[in-house]
Structures are given as C-alpha cells and as structure tokens.
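Participant: Here's a structure for you.
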Amino acid sequence: MRPLGSRAAAFSDSVIRRMTRVCQQYNAVNLSQGFPDFDPPRELLDRLARPLELPHQYSITWGAKNFREALAEKQRRFMGFPIDPEREIVVTCGSTEAMICAMLSICDPGDKVAVFSPFYENYGADAILSGAEPVYIPLRPPMFDFDADELEDAFRGGAKALILCNPSNPSGKVFTREELELIARLAIQYDAYVVTDEVYEHIVYAPRKHTYIASLPGMRERTLSCSSLSKTYSITGWRLGYIIAPPDIIDAARKVHDFLTVGAAAPLQEAAVAGLLLPPEYYGDLLRGYTEKRDLFLNGLRRIGLPFTEPQGAYYVLVDVSAFGYVDDFEFCVDLAKSVGVGAVPGSSFFREDVNHLIRLHFAKSESTLNDALNRLQSIWEIREKSG
Ligand code: GLN
C-alpha cells in the first residue's frame, strides 16, 4: 500500500482527549479534559425540550440569522465595538473549527505563525494542517511572562500571524492591557494578523479584567476574534463557535468554513439564542461560581501540599510535580489515574520546551466532584514512595 498522507502523520492524537479515555479505564475523576459536569442554564434546555419548534435542516452556512444577530449584540456589549451580523461573523462548529478556519483563511503553506508556549495543543495541529510553520515564544513559569524581544524576533522573522489564547489555557494567564498594547504595537508595525482564542473571556478572576485585543486602536482590522459558547453556557458538546472579524477576512473564512463543515447544528444554534439573550447578571453569576470553584480547589491543593501557579483566568491549574521524581509526565498521569483516581493532563503536551514537571488539572466541576477529587488526591504522596 502507498503510505498515507504526511500531514496526519506529523502530529499525535490529542493527549487531553486520550487522558479522558485513561480516566474511563480506571474510573478516575476526570480533571483532564476541561468540561463541566453541571447543567447549562435552564433557558437553553427549555428550548431543546420543544424539538418541534426547532429547525432541523441546514441553517445559512455562516450561521442562522437570529443567532448572528443575538451574538453580535452580546459581543458588542462586551467587546465595546459594533459588529455587523451580516458581514462580520461566521458561526463554526466550536472554536476548534474557528481556529483552523482562521488559519486556513490567512496562511499559505510555509508562512510562519507565532505561538506562545505553553499552548493549547490544537494550535500545533492547526499549523501543520494549514501548512504554516509555528514559531514559539516562551511564557516562562511560574508567572508565564514573555520577553518582548523574543516576541519582536518572531515578527521580525516574518510571522504573518500570532495566535493569542487569552485567558490562557493551560497557564491561566490573563494578558494585561500593557502586554496586549505591546503585542498590538508589534502586530501593527510588522503588519501581522492576530488570531485569538478567547473561549474563557467570561472566566477572569478579580482583580484581573479581560481586554479584547480587537478593541485596541488599530487592531480591529487585523484581528480574527475566535470564541465559542462552550464554556460560557456549559455546552461543550453543542459545538458552537465563531469568528468575528472585518468583512474582507470573514468573506474568506466563510468560504473555508462552508467547505469544511457547511454549518453548525441548526437546532442547537436556535436553542443557544436563549443563552445569548441572557441578562448581564448571568455573566457575573458564572464568574462567581467559577471563583468559588477555584478557591475550593486551590485551597484543597494547598492543604495537600502541592505547589501550583494560581490561575488568573480560565479553569485550569498547572501543578508542579517535580517532588515525585518522574522522568515521564504521561506516566505520572497514568499512575495518578490508576492509583489515586484523578485524571490530569501531562504538561509536556502544552510546552514546546522540554518540560516534564507540570501537570494540568481543571476545576470546572460541581463542588461534590471537586471534593471527591481532593479526597482522592490526599493519597497522592503514595505515588512518590512507589516511584522512589
Ligand atoms: N479546552 C478543553 C481542554 O483544554 C478541551 C477541549 C476539547 O477537548 N475540545 O481540556
């Protein structure tokens, strides 16, 4: 047989989703793949409960009109600028499709794309699938700062775009306004695009605040703002995401999207409008809920004596497990699932650099699930005795 294509051979399956399978095998509490175990808002479920009132055929390829209108209005409130639902939005199957669609719309094979490391693992595969060459800029633990010169070097070296995950998965970093202004200045100076992944835009812990880079002067025209409804409305399985960008960029992205997937699920777009129409208090409540989960979980980790970097946003925490003496962090995570009963993601799947002492846990879970996980984690030190 002739060999299969080289693109798919160039990356492995997702380690995040592989860890979900490991959790199932050992019946571990899944704190690896980040998704909630609590219900979406009632308003969305009520719409789903009346299926005969939902559309069951294709929506317009770039998104149902009422979904785009509700999204444009909601994002206008948060992003601070008007968005034309007819020309500046494409609705995608999750932000996963939004990101690959953005990359395919702006990159030719051989183009360079700057990526902060650690990074959400999809970006590496997105780069390979679109033929782009990633150039990595380290975010240095524990605070995940970056060096302005290293960023400028990436642009000077010809990076056509920067991928910006803010709030950041897995580090929990929330880029400050000053950092974003610096990125914006360089993107404008070197005429580069910015592709954002802002799926955690509403999960930013006080005193930090989320700044949309598209809202900074000169950035609207060069930013492809990608996000989704998955985290904001606890509907990760509905696969509803989008790109917001100026009309000329959206024209290209709509074509790519049309031939990739035709469209996001029509009945789910219709039901999700109920989420987009929720009043402003909803987002305050969401954040309050996540702040409580974060405090509960981080206090638990402190009691157990595990060192970590406190996340400023999103719902992940990187825990330093160097004390356990493992050389292979994947092996550590398998042992953790098997012997302690908690699923984590090995840090090495997020870092370009050689890092094997961090694991990522997420806390998008109900209080009882988090308490169960913390109870189990109390026995974590037994793995050290075994490995030592
Ligand atoms: N964003 C989630 C995570 O990092 C998972 C998303 C996914 O699996 N598509 O765990």
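Ordering of the structure tokens sets the chain letters (A, B, ...); residue numbers start at 1 within each chain; ligands are numbered from 1 in the order shown.
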8 Å from ligand 1 is the threshold here; counting only C-alpha atoms and all ligand atoms, which polymer residues fall inside it? Answer as a list in words.

Facilitator: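 Taking only C-alpha atoms and all ligand atoms into account, the residues around ligand 1 at most 8 Å away are Ser14, Ile16, Arg17, Ser32, Gln33, Gly34, Phe35, Thr96, Tyr120, Glu121, Asn169, Pro170, Thr236 and His362 of chain A.
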
Participant: Counting only C-alpha atoms, what is within 9 Å of A:Tyr212, bar same-chain residues fewer than 2 positions away, as a PyMOL selection string?

Facilitator: chain A and resi 78-80+166+180+196+198+201+210+214-216+225

Participant: Please write the residues from the selection above to a file, keeping C-alpha atoms, as a PDB file, in the first residue's frame.

Facilitator:
```pdb
ATOM      1  CA  PHE A  78     -18.529  43.033  25.974  1.00  0.00           C
ATOM      2  CA  MET A  79     -16.049  43.852  23.188  1.00  0.00           C
ATOM      3  CA  GLY A  80     -17.039  47.514  23.088  1.00  0.00           C
ATOM      4  CA  ASN A 166      -6.412  34.882  26.398  1.00  0.00           C
ATOM      5  CA  LEU A 180      -1.708  43.487  24.813  1.00  0.00           C
ATOM      6  CA  THR A 196      -7.403  34.966  19.262  1.00  0.00           C
ATOM      7  CA  GLU A 198     -10.996  33.793  23.839  1.00  0.00           C
ATOM      8  CA  GLU A 201     -13.441  35.525  28.092  1.00  0.00           C
ATOM      9  CA  HIS A 210     -10.399  40.720  30.179  1.00  0.00           C
ATOM     10  CA  ALA A 214      -9.523  43.586  18.824  1.00  0.00           C
ATOM     11  CA  SER A 215     -10.720  46.579  20.857  1.00  0.00           C
ATOM     12  CA  LEU A 216      -7.286  48.232  20.923  1.00  0.00           C
ATOM     13  CA  SER A 225     -11.523  37.016  17.303  1.00  0.00           C
TER      14      SER A 225
END
```

Participant: Quick one: which stretch 310-368 of chain A residues come within 10 Å of stretch 286-303 of chain A, and what is the nearest atom pair for each with the distance in Å to one decimal, counting only C-alpha atoms, rows ordered by chain and ascending number, as a Markdown table?

Facilitator:
```
| residue | atom | partner | partner_atom | distance |
| --- | --- | --- | --- | --- |
| A:Glu310 | CA | A:Leu298 | CA | 7.8 |
| A:Pro311 | CA | A:Arg294 | CA | 8.5 |
| A:Gln312 | CA | A:Arg294 | CA | 10.0 |
| A:Gly313 | CA | A:Thr291 | CA | 9.4 |
| A:Ala314 | CA | A:Tyr290 | CA | 8.7 |
| A:Tyr315 | CA | A:Arg294 | CA | 7.3 |
| A:Tyr316 | CA | A:Arg294 | CA | 8.9 |
| A:Val317 | CA | A:Leu298 | CA | 8.4 |
| A:Val319 | CA | A:Leu301 | CA | 8.9 |
| A:Leu361 | CA | A:Phe297 | CA | 9.8 |
| A:His362 | CA | A:Phe297 | CA | 9.1 |
| A:Phe363 | CA | A:Lys293 | CA | 6.4 |
| A:Ala364 | CA | A:Lys293 | CA | 7.3 |
| A:Lys365 | CA | A:Lys293 | CA | 7.6 |
| A:Ser366 | CA | A:Lys293 | CA | 7.8 |
| A:Glu367 | CA | A:Lys293 | CA | 6.9 |
```

Participant: What's around A:Lys338 at 9 Å? Count only C-alpha atoms, leave out sequence neighbours fewer than 6 positions away in its own chain, and write the answer as a PyMOL selection string.

Facilitator: chain A and resi 22-23+25-28

Participant: DSSP on the backbone, strand (DSSP E or B) only: what residues of stretch 51-94 of chain A does that give? Format it as a ChimeraX atom specification.

Facilitator: /A:89-92
